[in-house]
Amino acid sequence: MKIGIDKIGFYVPDLYLDMRKLAVAREIEPDKFTIGIGQEKMAVAPITQDAVTLAANAAASILDETDKENIDLVIFGTESGVDHSKAAAVYVHHLLGLNPAARSFEIKQACYGATAGIQMAKGHIALNPESKVLVLGSDIARYGLDSSGESTQGAGAVALLISANPRILALEDKSAYLTADIMDFWRPLYSSTAYVDGKFSNEQYSFFFANVWQQFKEKSSLTFKDFEALCFHLPYTKMGLKALKPVLEEGTSEDKERLLNHYQKSIGYNKVVGNIYTGSLYLSLLSLLEQKEKLTAGSRIGLFSYGSGAVGEFFTGILQPGYQKHLNTKQHTEMLAARREVSVAEYEVIFQQTLPIDGSSLLSETEKDSATICLAGIANNQRQYINKTAEK
Ligand code: HMG
């Protein structure tokens with residue numbers, strides 16, 4: 001039985017910052033951000049969006065009534081959780097009106113969370129072929145104003161519907177993974193921003209890719225010639241390339257040309273969104289599928305997932321016939337084009353707007369936010385979510 005990705009939804013907040021303008025404000029040469037890091041725009045989340053609403057908006061864009069009835073497992077991968085106890089998946093389950101006969105929980109291992117969710121979903125479908133699983137990867141990447149990681153922030157969510165007989169990508173069984181207890185990037189419970197050892201994190205990312213690729217080759221006997229394209233977790237769009245280039249030396253000149261050409265297609269959305277942590281790899285997959293004219297059905301795509309701390313995995317999928325009919329390319333292009341640019345000063349104000357943590361209430365104006373599902377504030381220590389469609 002084929003199991004894999006049947007639908008992919010994506011949501012980005014409706015505000016963005018131009019990286020060149022951020023560079024000028026920080027007295028940095030703009031080419032460092034646009035060429036050296038490879039980022040053009042950074043998504044900015046207003047106070048009316050959090051990991052829950054971003055994910056709910058991404059999922060709402062793909063689910064129909066039959067999906068809502070058949071989903072019996074919701075797995076939410078995030079490192080921007082909103083509660084130490086209650087899973088973000090439970091809020092999303094309610095906001096989308098899913099069938100109550102479902103399991104819902106949150107999963108965490110930095111940017112690896114959604115991949116762990118997909119692998120679990122695969123096992124669940126193998127045992128329950130009729131069911132569908134909603135896997136969410138949703139985050140707001142925050143390093144701090146004028147910090148070393150500021151240029152690699154972002155916000156957004158990806159929603160994946162995993163099922164039997166998937167219409168986009170059938171996942172293959174062979175997979176290679178690696179865990180190592182390292183401190184390259186982390187966020188203690190008391191901090192709203194991440195701590196990072198930037199250079200070390202880059203080195204570890206590349207080391208993990210080389211390691212899991214080597215393991216994968218030994219397990220599968222596949223080589224670069226067997227891949228049409230590779231997609232990477234993209235904390236910034238230069239990172240995957242830095243990891244790939246030295247390893248790709250083992251490929252032929254045709255392999256290099258094909259994989260490097262497809263790499264450029266696989267960074268299109270990430271370049272104008274920034275790091276969305278758990279969803280980044282799947283945003284890269286979406287960039288490849290929606291920005292490349294046409295890939296041949298039956299092509300193999302390799303996916304490299306990396307979550308600091310650290311866990312990495314390399315796995316693969318086969319493109320399904322007619323996959324393009326099940327993408328939402330037009331909607332995603334329009335959503336990105338409709339965003340409003342904020343100035344650096346506005347971004348700095350938005351960055352510092354947070355919900356009170358002293359038990360007091362705060363209600364925000366959700367009219368300015370074009371999203372259907374918003375965070376209206378906090379009252380009685382409870383986040384107040386609204387679905388504008390449901391209220392009409
Ligand atoms: P930095 O110190 O600002 O930048 O740190 P740099 O000095 O390393 O320069 C970056 C690149 O720009 C270099 O290119 C420069 O040469 C180039 P490279 O040598 O790498 O090819 N450059 C220029 N290019 C053109 N014109 C110029 C110019 N000037 C310089 N004028 C760093 C960059 C990414 C480390 C920092 O932003 C950071 O710490 N970010 C956060 C950590 C991160 O993203 N790590 C990535 C791997 S870890 C990961 O992916 C996991 C993560 O997503 C978290 C999770 O799992 O949850 C982060």
# chains A, B, ... in the order shown; residues from 1 in each chain; ligands from 1
>>> residues_near_ligand(ligand="ligand 1", cutoff="7 Å", atoms="only C-alpha atoms and all ligand atoms", output="JSON, numbers by chain")
{"A": [29, 30, 31, 32, 33, 35, 36, 37, 79, 110, 111, 112, 148, 149, 150, 151, 152, 184, 185, 196, 197, 198, 199, 201, 202, 205, 233, 234, 235, 236, 239, 242, 275, 277, 278, 306, 307, 308]}
>>> select_by_dssp(residues="range 100-305 of chain A", states="strand (DSSP E)", output="NGL selection string")
:A and (103-107 or 132-141 or 154-164 or 169-179 or 185-186 or 195-196 or 229-232 or 300-305)
>>> write_last_selection(atoms="N, CA and C atoms", output="compact mmCIF listing (two decimals), in the first residue's frame")
# COMPACT_ATOMS: atom_id res chain seq x y z
N ARG A 103 -7.20 11.29 17.88
CA ARG A 103 -6.10 11.54 18.81
C ARG A 103 -5.46 12.87 18.39
N SER A 104 -5.08 13.70 19.36
CA SER A 104 -4.42 14.98 19.03
C SER A 104 -3.32 15.22 20.03
N PHE A 105 -2.12 15.50 19.53
CA PHE A 105 -1.02 15.81 20.45
C PHE A 105 0.07 16.62 19.78
N GLU A 106 0.94 17.15 20.62
CA GLU A 106 2.04 18.01 20.14
C GLU A 106 3.35 17.24 20.25
N ILE A 107 4.27 17.56 19.39
CA ILE A 107 5.52 16.82 19.36
C ILE A 107 6.65 17.83 19.21
N LYS A 132 -7.07 9.22 7.95
CA LYS A 132 -6.21 10.28 7.44
C LYS A 132 -5.56 10.97 8.64
N VAL A 133 -4.34 11.42 8.44
CA VAL A 133 -3.64 12.08 9.54
C VAL A 133 -3.28 13.50 9.12
N LEU A 134 -3.53 14.44 10.02
CA LEU A 134 -3.16 15.83 9.78
C LEU A 134 -1.86 16.10 10.53
N VAL A 135 -0.79 16.38 9.78
CA VAL A 135 0.49 16.72 10.41
C VAL A 135 0.74 18.20 10.19
N LEU A 136 1.01 18.90 11.28
CA LEU A 136 1.22 20.35 11.22
C LEU A 136 2.64 20.70 11.62
N GLY A 137 3.24 21.63 10.91
CA GLY A 137 4.55 22.17 11.29
C GLY A 137 4.37 23.68 11.33
N SER A 138 4.42 24.26 12.53
CA SER A 138 4.09 25.69 12.63
C SER A 138 4.99 26.37 13.65
N ASP A 139 5.57 27.49 13.26
CA ASP A 139 6.49 28.17 14.18
C ASP A 139 6.66 29.64 13.86
N ILE A 140 7.12 30.35 14.89
CA ILE A 140 7.57 31.73 14.73
C ILE A 140 9.03 31.72 15.21
N ALA A 141 9.95 31.98 14.27
CA ALA A 141 11.38 31.94 14.60
C ALA A 141 11.81 33.31 15.13
N GLY A 154 11.58 34.26 10.85
CA GLY A 154 10.48 34.06 9.92
C GLY A 154 9.27 33.54 10.68
N ALA A 155 8.18 33.28 9.98
CA ALA A 155 6.97 32.75 10.62
C ALA A 155 6.10 32.11 9.56
N GLY A 156 5.47 30.99 9.92
CA GLY A 156 4.57 30.36 8.97
C GLY A 156 4.28 28.92 9.36
N ALA A 157 3.40 28.31 8.59
CA ALA A 157 3.01 26.93 8.90
C ALA A 157 2.73 26.15 7.64
N VAL A 158 2.98 24.85 7.77
CA VAL A 158 2.64 23.92 6.68
C VAL A 158 1.73 22.85 7.27
N ALA A 159 0.71 22.48 6.51
CA ALA A 159 -0.21 21.42 6.94
C ALA A 159 -0.15 20.31 5.91
N LEU A 160 0.05 19.07 6.37
CA LEU A 160 0.17 17.94 5.45
C LEU A 160 -0.91 16.92 5.77
N LEU A 161 -1.64 16.53 4.75
CA LEU A 161 -2.62 15.47 4.94
C LEU A 161 -1.97 14.18 4.49
N ILE A 162 -1.81 13.24 5.42
CA ILE A 162 -1.14 11.97 5.12
C ILE A 162 -2.22 10.89 5.00
N SER A 163 -2.13 10.12 3.91
CA SER A 163 -3.17 9.11 3.70
C SER A 163 -2.63 7.95 2.87
N ALA A 164 -3.45 6.92 2.73
CA ALA A 164 -3.15 5.84 1.77
C ALA A 164 -3.45 6.38 0.37
N LEU A 169 2.81 12.77 -3.08
CA LEU A 169 4.11 12.10 -2.90
C LEU A 169 3.93 10.83 -2.06
N ALA A 170 4.30 9.69 -2.64
CA ALA A 170 4.25 8.43 -1.88
C ALA A 170 5.59 8.25 -1.17
N LEU A 171 5.56 8.10 0.14
CA LEU A 171 6.82 7.98 0.90
C LEU A 171 7.36 6.56 0.79
N GLU A 172 8.67 6.45 0.61
CA GLU A 172 9.28 5.12 0.54
C GLU A 172 9.67 4.67 1.94
N ASP A 173 10.02 3.39 2.07
CA ASP A 173 10.24 2.84 3.41
C ASP A 173 11.63 3.10 3.98
N LYS A 174 12.64 3.13 3.11
CA LYS A 174 14.01 3.30 3.61
C LYS A 174 14.22 4.72 4.12
N SER A 175 14.88 4.81 5.25
CA SER A 175 15.11 6.12 5.85
C SER A 175 16.36 6.02 6.72
N ALA A 176 17.12 7.10 6.84
CA ALA A 176 18.33 7.07 7.68
C ALA A 176 18.27 8.23 8.65
N TYR A 177 18.67 7.97 9.90
CA TYR A 177 18.51 9.02 10.92
C TYR A 177 19.67 9.02 11.90
N LEU A 178 19.77 10.11 12.65
CA LEU A 178 20.90 10.30 13.56
C LEU A 178 20.49 11.22 14.70
N THR A 179 20.87 10.85 15.92
CA THR A 179 20.66 11.72 17.09
C THR A 179 22.01 11.97 17.76
N PHE A 185 21.68 25.02 19.12
CA PHE A 185 20.54 25.94 19.12
C PHE A 185 19.56 25.39 20.12
N TRP A 186 19.01 26.23 20.98
CA TRP A 186 18.06 25.77 21.99
C TRP A 186 17.29 26.97 22.50
N TYR A 195 18.60 30.65 21.74
CA TYR A 195 20.05 30.79 21.92
C TYR A 195 20.69 29.97 20.81
N VAL A 196 21.77 30.46 20.27
CA VAL A 196 22.37 29.74 19.15
C VAL A 196 23.88 29.94 19.09
N ALA A 229 15.45 15.32 -7.52
CA ALA A 229 15.67 16.55 -6.75
C ALA A 229 15.85 16.21 -5.28
N LEU A 230 16.50 17.14 -4.57
CA LEU A 230 16.65 17.00 -3.11
C LEU A 230 16.08 18.26 -2.46
N CYS A 231 15.34 18.09 -1.36
CA CYS A 231 14.84 19.24 -0.61
C CYS A 231 15.45 19.21 0.78
N PHE A 232 15.69 20.40 1.31
CA PHE A 232 16.39 20.53 2.59
C PHE A 232 15.58 21.33 3.60
N ARG A 300 11.98 10.47 -8.10
CA ARG A 300 12.26 10.34 -6.66
C ARG A 300 12.79 11.66 -6.11
N ILE A 301 12.23 12.07 -4.98
CA ILE A 301 12.69 13.29 -4.32
C ILE A 301 13.25 12.89 -2.95
N GLY A 302 14.44 13.40 -2.62
CA GLY A 302 15.04 13.13 -1.30
C GLY A 302 14.76 14.30 -0.38
N LEU A 303 14.50 14.00 0.89
CA LEU A 303 14.20 15.06 1.86
C LEU A 303 15.13 14.97 3.06
N PHE A 304 15.81 16.08 3.37
CA PHE A 304 16.71 16.11 4.53
C PHE A 304 16.10 17.01 5.60
N SER A 305 15.82 16.38 6.74
CA SER A 305 15.24 17.08 7.88
C SER A 305 16.30 17.25 8.95
>>> atom_distance(atom1="CA of Thr223 in chain A", atom2="CA of Thr252 in chain A")
10.4 Å
>>> atom_distance(atom1="CA of Glu290 in chain A", atom2="CA of Ile125 in chain A")
26.3 Å
>>> closest_atom_pairs(of="range 222-339 of chain A", to="range 52-64 of chain A", cutoff="10 Å", atoms="only C-alpha atoms", output="tab-separated table")
residue	atom	partner	partner_atom	distance
A:Gly279	CA	A:Ala55	CA	9.8
A:His326	CA	A:Ile62	CA	9.7
A:Leu327	CA	A:Ile62	CA	9.4
A:Asn328	CA	A:Ile62	CA	8.5
A:Gln331	CA	A:Ser61	CA	9.1
>>> closest_residue(among="A:Met19, A:Leu95, A:Ile47, A:Leu375", to="Thr354 in chain A", atoms="only C-alpha atoms")
A:Ile47
>>> select_by_dssp(residues="range 38-282 of chain A", states="alpha helix (DSSP H)", output="number ranges by chain")
A: 51-60, 65-70, 88-96, 113-127, 198-220, 237-248, 253-265, 268-271, 280-282
>>> residues_around(residues="Arg340 in chain A", least_positions_apart="2", cutoff="12 Å", atoms="only C-alpha atoms", output="PDB file with all heavy atoms, in the first residue's frame")
ATOM      1  N   VAL A  12       1.214  31.905   5.593  1.00  0.00           N
ATOM      2  CA  VAL A  12       2.227  32.863   6.046  1.00  0.00           C
ATOM      3  C   VAL A  12       1.485  34.115   6.526  1.00  0.00           C
ATOM      4  O   VAL A  12       0.459  34.493   5.935  1.00  0.00           O
ATOM      5  CB  VAL A  12       3.215  33.182   4.885  1.00  0.00           C
ATOM      6  CG1 VAL A  12       2.540  33.921   3.747  1.00  0.00           C
ATOM      7  CG2 VAL A  12       4.432  33.941   5.351  1.00  0.00           C
ATOM      8  N   PRO A  13       1.938  34.767   7.620  1.00  0.00           N
ATOM      9  CA  PRO A  13       1.259  35.989   8.058  1.00  0.00           C
ATOM     10  C   PRO A  13       1.307  37.067   6.972  1.00  0.00           C
ATOM     11  O   PRO A  13       2.153  37.017   6.076  1.00  0.00           O
ATOM     12  CB  PRO A  13       2.056  36.434   9.291  1.00  0.00           C
ATOM     13  CG  PRO A  13       3.084  35.417   9.550  1.00  0.00           C
ATOM     14  CD  PRO A  13       3.065  34.398   8.469  1.00  0.00           C
ATOM     15  N   ASP A  14       0.412  38.052   7.075  1.00  0.00           N
ATOM     16  CA  ASP A  14       0.274  39.002   5.962  1.00  0.00           C
ATOM     17  C   ASP A  14       1.219  40.202   6.039  1.00  0.00           C
ATOM     18  O   ASP A  14       0.977  41.213   5.393  1.00  0.00           O
ATOM     19  CB  ASP A  14      -1.196  39.436   5.816  1.00  0.00           C
ATOM     20  CG  ASP A  14      -1.723  40.148   7.055  1.00  0.00           C
ATOM     21  OD1 ASP A  14      -0.919  40.385   7.993  1.00  0.00           O
ATOM     22  OD2 ASP A  14      -2.919  40.475   7.090  1.00  0.00           O
ATOM     23  N   LEU A  15       2.291  40.100   6.819  1.00  0.00           N
ATOM     24  CA  LEU A  15       3.275  41.183   6.924  1.00  0.00           C
ATOM     25  C   LEU A  15       4.667  40.644   6.593  1.00  0.00           C
ATOM     26  O   LEU A  15       4.985  39.496   6.919  1.00  0.00           O
ATOM     27  CB  LEU A  15       3.302  41.739   8.356  1.00  0.00           C
ATOM     28  CG  LEU A  15       1.975  42.217   8.936  1.00  0.00           C
ATOM     29  CD1 LEU A  15       2.170  42.633  10.391  1.00  0.00           C
ATOM     30  CD2 LEU A  15       1.398  43.378   8.123  1.00  0.00           C
ATOM     31  N   TYR A  16       5.488  41.483   5.975  1.00  0.00           N
ATOM     32  CA  TYR A  16       6.881  41.065   5.742  1.00  0.00           C
ATOM     33  C   TYR A  16       7.827  42.253   5.830  1.00  0.00           C
ATOM     34  O   TYR A  16       7.409  43.419   5.707  1.00  0.00           O
ATOM     35  CB  TYR A  16       7.031  40.370   4.379  1.00  0.00           C
ATOM     36  CG  TYR A  16       7.045  41.323   3.200  1.00  0.00           C
ATOM     37  CD1 TYR A  16       8.231  41.917   2.748  1.00  0.00           C
ATOM     38  CD2 TYR A  16       5.873  41.659   2.539  1.00  0.00           C
ATOM     39  CE1 TYR A  16       8.239  42.805   1.683  1.00  0.00           C
ATOM     40  CE2 TYR A  16       5.867  42.546   1.471  1.00  0.00           C
ATOM     41  CZ  TYR A  16       7.049  43.115   1.051  1.00  0.00           C
ATOM     42  OH  TYR A  16       7.049  44.008   0.002  1.00  0.00           O
ATOM     43  N   LEU A  17       9.089  41.924   6.048  1.00  0.00           N
ATOM     44  CA  LEU A  17      10.154  42.921   6.129  1.00  0.00           C
ATOM     45  C   LEU A  17      11.130  42.663   4.982  1.00  0.00           C
ATOM     46  O   LEU A  17      11.476  41.502   4.725  1.00  0.00           O
ATOM     47  CB  LEU A  17      10.862  42.762   7.483  1.00  0.00           C
ATOM     48  CG  LEU A  17      12.024  43.690   7.803  1.00  0.00           C
ATOM     49  CD1 LEU A  17      11.554  45.145   7.910  1.00  0.00           C
ATOM     50  CD2 LEU A  17      12.660  43.274   9.137  1.00  0.00           C
ATOM     51  N   ASP A  18      11.564  43.735   4.336  1.00  0.00           N
ATOM     52  CA  ASP A  18      12.548  43.621   3.253  1.00  0.00           C
ATOM     53  C   ASP A  18      13.942  43.470   3.871  1.00  0.00           C
ATOM     54  O   ASP A  18      14.357  44.302   4.681  1.00  0.00           O
ATOM     55  CB  ASP A  18      12.462  44.898   2.396  1.00  0.00           C
ATOM     56  CG  ASP A  18      13.359  44.829   1.182  1.00  0.00           C
ATOM     57  OD1 ASP A  18      14.552  44.479   1.338  1.00  0.00           O
ATOM     58  OD2 ASP A  18      12.869  45.136   0.079  1.00  0.00           O
ATOM     59  N   LYS A  41      13.092  38.371   1.840  1.00  0.00           N
ATOM     60  CA  LYS A  41      12.046  38.924   2.708  1.00  0.00           C
ATOM     61  C   LYS A  41      11.903  38.032   3.922  1.00  0.00           C
ATOM     62  O   LYS A  41      12.197  36.830   3.857  1.00  0.00           O
ATOM     63  CB  LYS A  41      10.699  38.969   1.974  1.00  0.00           C
ATOM     64  CG  LYS A  41      10.672  39.938   0.814  1.00  0.00           C
ATOM     65  CD  LYS A  41       9.341  39.845   0.059  1.00  0.00           C
ATOM     66  CE  LYS A  41       9.356  40.799  -1.129  1.00  0.00           C
ATOM     67  NZ  LYS A  41       8.181  40.635  -1.986  1.00  0.00           N
ATOM     68  N   MET A  42      11.393  38.618   4.994  1.00  0.00           N
ATOM     69  CA  MET A  42      11.177  37.841   6.220  1.00  0.00           C
ATOM     70  C   MET A  42       9.725  38.028   6.666  1.00  0.00           C
ATOM     71  O   MET A  42       9.262  39.165   6.811  1.00  0.00           O
ATOM     72  CB  MET A  42      12.120  38.385   7.305  1.00  0.00           C
ATOM     73  CG  MET A  42      12.032  37.691   8.634  1.00  0.00           C
ATOM     74  SD  MET A  42      12.509  38.815   9.962  1.00  0.00           S
ATOM     75  CE  MET A  42      14.231  38.947   9.706  1.00  0.00           C
ATOM     76  N   ALA A  43       9.005  36.934   6.841  1.00  0.00           N
ATOM     77  CA  ALA A  43       7.623  37.031   7.312  1.00  0.00           C
ATOM     78  C   ALA A  43       7.624  37.531   8.756  1.00  0.00           C
ATOM     79  O   ALA A  43       8.455  37.128   9.564  1.00  0.00           O
ATOM     80  CB  ALA A  43       6.952  35.663   7.244  1.00  0.00           C
ATOM     81  N   VAL A  44       6.671  38.423   9.054  1.00  0.00           N
ATOM     82  CA  VAL A  44       6.560  38.995  10.399  1.00  0.00           C
ATOM     83  C   VAL A  44       5.174  38.643  10.942  1.00  0.00           C
ATOM     84  O   VAL A  44       4.164  38.931  10.297  1.00  0.00           O
ATOM     85  CB  VAL A  44       6.740  40.537  10.341  1.00  0.00           C
ATOM     86  CG1 VAL A  44       6.488  41.172  11.699  1.00  0.00           C
ATOM     87  CG2 VAL A  44       8.136  40.894   9.824  1.00  0.00           C
ATOM     88  N   ALA A  45       5.144  38.013  12.118  1.00  0.00           N
ATOM     89  CA  ALA A  45       3.851  37.607  12.692  1.00  0.00           C
ATOM     90  C   ALA A  45       3.316  38.710  13.608  1.00  0.00           C
ATOM     91  O   ALA A  45       3.995  39.114  14.550  1.00  0.00           O
ATOM     92  CB  ALA A  45       4.010  36.308  13.483  1.00  0.00           C
ATOM     93  N   PRO A  46       2.090  39.196  13.340  1.00  0.00           N
ATOM     94  CA  PRO A  46       1.494  40.176  14.254  1.00  0.00           C
ATOM     95  C   PRO A  46       1.056  39.488  15.540  1.00  0.00           C
ATOM     96  O   PRO A  46       1.019  38.249  15.603  1.00  0.00           O
ATOM     97  CB  PRO A  46       0.278  40.686  13.465  1.00  0.00           C
ATOM     98  CG  PRO A  46      -0.091  39.550  12.572  1.00  0.00           C
ATOM     99  CD  PRO A  46       1.185  38.825  12.248  1.00  0.00           C
ATOM    100  N   MET A 335      -1.311  34.747  -2.034  1.00  0.00           N
ATOM    101  CA  MET A 335      -1.141  35.042  -0.599  1.00  0.00           C
ATOM    102  C   MET A 335       0.182  35.789  -0.369  1.00  0.00           C
ATOM    103  O   MET A 335       0.234  36.776   0.365  1.00  0.00           O
ATOM    104  CB  MET A 335      -1.173  33.736   0.204  1.00  0.00           C
ATOM    105  CG  MET A 335      -0.889  33.910   1.684  1.00  0.00           C
ATOM    106  SD  MET A 335      -1.121  32.368   2.586  1.00  0.00           S
ATOM    107  CE  MET A 335       0.200  31.357   1.930  1.00  0.00           C
ATOM    108  N   LEU A 336       1.241  35.323  -1.023  1.00  0.00           N
ATOM    109  CA  LEU A 336       2.552  35.970  -0.839  1.00  0.00           C
ATOM    110  C   LEU A 336       2.550  37.378  -1.432  1.00  0.00           C
ATOM    111  O   LEU A 336       3.122  38.305  -0.857  1.00  0.00           O
ATOM    112  CB  LEU A 336       3.655  35.112  -1.466  1.00  0.00           C
ATOM    113  CG  LEU A 336       3.981  33.829  -0.674  1.00  0.00           C
ATOM    114  CD1 LEU A 336       4.778  32.855  -1.520  1.00  0.00           C
ATOM    115  CD2 LEU A 336       4.738  34.172   0.611  1.00  0.00           C
ATOM    116  N   ALA A 337       1.867  37.527  -2.578  1.00  0.00           N
ATOM    117  CA  ALA A 337       1.857  38.840  -3.247  1.00  0.00           C
ATOM    118  C   ALA A 337       1.013  39.851  -2.482  1.00  0.00           C
ATOM    119  O   ALA A 337       1.247  41.058  -2.567  1.00  0.00           O
ATOM    120  CB  ALA A 337       1.328  38.672  -4.668  1.00  0.00           C
ATOM    121  N   ALA A 338       0.020  39.374  -1.729  1.00  0.00           N
ATOM    122  CA  ALA A 338      -0.898  40.290  -1.040  1.00  0.00           C
ATOM    123  C   ALA A 338      -0.345  40.792   0.298  1.00  0.00           C
ATOM    124  O   ALA A 338      -0.985  41.602   0.973  1.00  0.00           O
ATOM    125  CB  ALA A 338      -2.240  39.587  -0.817  1.00  0.00           C
ATOM    126  N   VAL A 342       6.284  45.949   6.042  1.00  0.00           N
ATOM    127  CA  VAL A 342       6.405  46.820   7.229  1.00  0.00           C
ATOM    128  C   VAL A 342       7.812  47.415   7.232  1.00  0.00           C
ATOM    129  O   VAL A 342       8.761  46.817   6.719  1.00  0.00           O
ATOM    130  CB  VAL A 342       6.151  46.053   8.561  1.00  0.00           C
ATOM    131  CG1 VAL A 342       4.697  45.634   8.672  1.00  0.00           C
ATOM    132  CG2 VAL A 342       7.073  44.844   8.714  1.00  0.00           C
ATOM    133  N   SER A 343       7.916  48.614   7.806  1.00  0.00           N
ATOM    134  CA  SER A 343       9.234  49.245   7.924  1.00  0.00           C
ATOM    135  C   SER A 343       9.989  48.565   9.064  1.00  0.00           C
ATOM    136  O   SER A 343       9.397  47.831   9.874  1.00  0.00           O
ATOM    137  CB  SER A 343       9.072  50.733   8.235  1.00  0.00           C
ATOM    138  OG  SER A 343       8.474  50.858   9.523  1.00  0.00           O
ATOM    139  N   GLU A 346       8.398  49.585  12.311  1.00  0.00           N
ATOM    140  CA  GLU A 346       7.134  48.861  12.593  1.00  0.00           C
ATOM    141  C   GLU A 346       7.421  47.433  13.065  1.00  0.00           C
ATOM    142  O   GLU A 346       6.800  46.930  14.001  1.00  0.00           O
ATOM    143  CB  GLU A 346       6.306  48.760  11.303  1.00  0.00           C
ATOM    144  CG  GLU A 346       5.201  49.771  11.147  1.00  0.00           C
ATOM    145  CD  GLU A 346       4.466  49.521   9.831  1.00  0.00           C
ATOM    146  OE1 GLU A 346       5.050  49.823   8.760  1.00  0.00           O
ATOM    147  OE2 GLU A 346       3.344  49.011   9.881  1.00  0.00           O
ATOM    148  N   TYR A 347       8.354  46.788  12.368  1.00  0.00           N
ATOM    149  CA  TYR A 347       8.731  45.405  12.727  1.00  0.00           C
ATOM    150  C   TYR A 347       9.234  45.350  14.175  1.00  0.00           C
ATOM    151  O   TYR A 347       8.887  44.449  14.940  1.00  0.00           O
ATOM    152  CB  TYR A 347       9.782  44.897  11.730  1.00  0.00           C
ATOM    153  CG  TYR A 347      10.849  43.979  12.289  1.00  0.00           C
ATOM    154  CD1 TYR A 347      10.548  42.661  12.659  1.00  0.00           C
ATOM    155  CD2 TYR A 347      12.161  44.425  12.452  1.00  0.00           C
ATOM    156  CE1 TYR A 347      11.546  41.830  13.181  1.00  0.00           C
ATOM    157  CE2 TYR A 347      13.155  43.598  12.960  1.00  0.00           C
ATOM    158  CZ  TYR A 347      12.834  42.305  13.336  1.00  0.00           C
ATOM    159  OH  TYR A 347      13.813  41.484  13.856  1.00  0.00           O
ATOM    160  N   LYS A 368      -7.575  44.011  11.527  1.00  0.00           N
ATOM    161  CA  LYS A 368      -6.447  44.381  10.669  1.00  0.00           C
ATOM    162  C   LYS A 368      -5.748  43.146  10.088  1.00  0.00           C
ATOM    163  O   LYS A 368      -5.014  43.237   9.116  1.00  0.00           O
ATOM    164  CB  LYS A 368      -5.424  45.169  11.493  1.00  0.00           C
ATOM    165  CG  LYS A 368      -5.823  46.594  11.771  1.00  0.00           C
ATOM    166  CD  LYS A 368      -4.611  47.337  12.327  1.00  0.00           C
ATOM    167  CE  LYS A 368      -5.045  48.516  13.168  1.00  0.00           C
ATOM    168  NZ  LYS A 368      -4.173  48.759  14.317  1.00  0.00           N
ATOM    169  N   ASP A 369      -5.949  42.004  10.723  1.00  0.00           N
ATOM    170  CA  ASP A 369      -5.296  40.769  10.281  1.00  0.00           C
ATOM    171  C   ASP A 369      -6.181  40.108   9.223  1.00  0.00           C
ATOM    172  O   ASP A 369      -7.355  39.816   9.488  1.00  0.00           O
ATOM    173  CB  ASP A 369      -5.121  39.835  11.503  1.00  0.00           C
ATOM    174  CG  ASP A 369      -4.238  38.631  11.188  1.00  0.00           C
ATOM    175  OD1 ASP A 369      -4.192  38.218  10.015  1.00  0.00           O
ATOM    176  OD2 ASP A 369      -3.629  38.102  12.122  1.00  0.00           O
ATOM    177  N   SER A 370      -5.628  39.872   8.033  1.00  0.00           N
ATOM    178  CA  SER A 370      -6.453  39.302   6.950  1.00  0.00           C
ATOM    179  C   SER A 370      -6.736  37.811   7.151  1.00  0.00           C
ATOM    180  O   SER A 370      -7.516  37.225   6.408  1.00  0.00           O
ATOM    181  CB  SER A 370      -5.759  39.521   5.603  1.00  0.00           C
ATOM    182  OG  SER A 370      -4.527  38.827   5.608  1.00  0.00           O
TER     183      SER A 370
END
>>> atom_distance(atom1="CA of Ile168 in chain A", atom2="CA of Ala297 in chain A")
9.5 Å
>>> closest_residue(among="A:Gln320, A:Thr366, A:Ser253, A:Gln214", to="Asn165 in chain A", atoms="only C-alpha atoms")
A:Gln320
>>> closest_residue(among="A:Ala116, A:Val24, A:Leu281, A:Ile318", to="Ile3 in chain A", atoms="only C-alpha atoms")
A:Ile318
>>> closest_residue(among="A:Glu250, A:Glu40, A:Asp83, A:Glu334", to="Gly274 in chain A", atoms="only C-alpha atoms")
A:Glu40
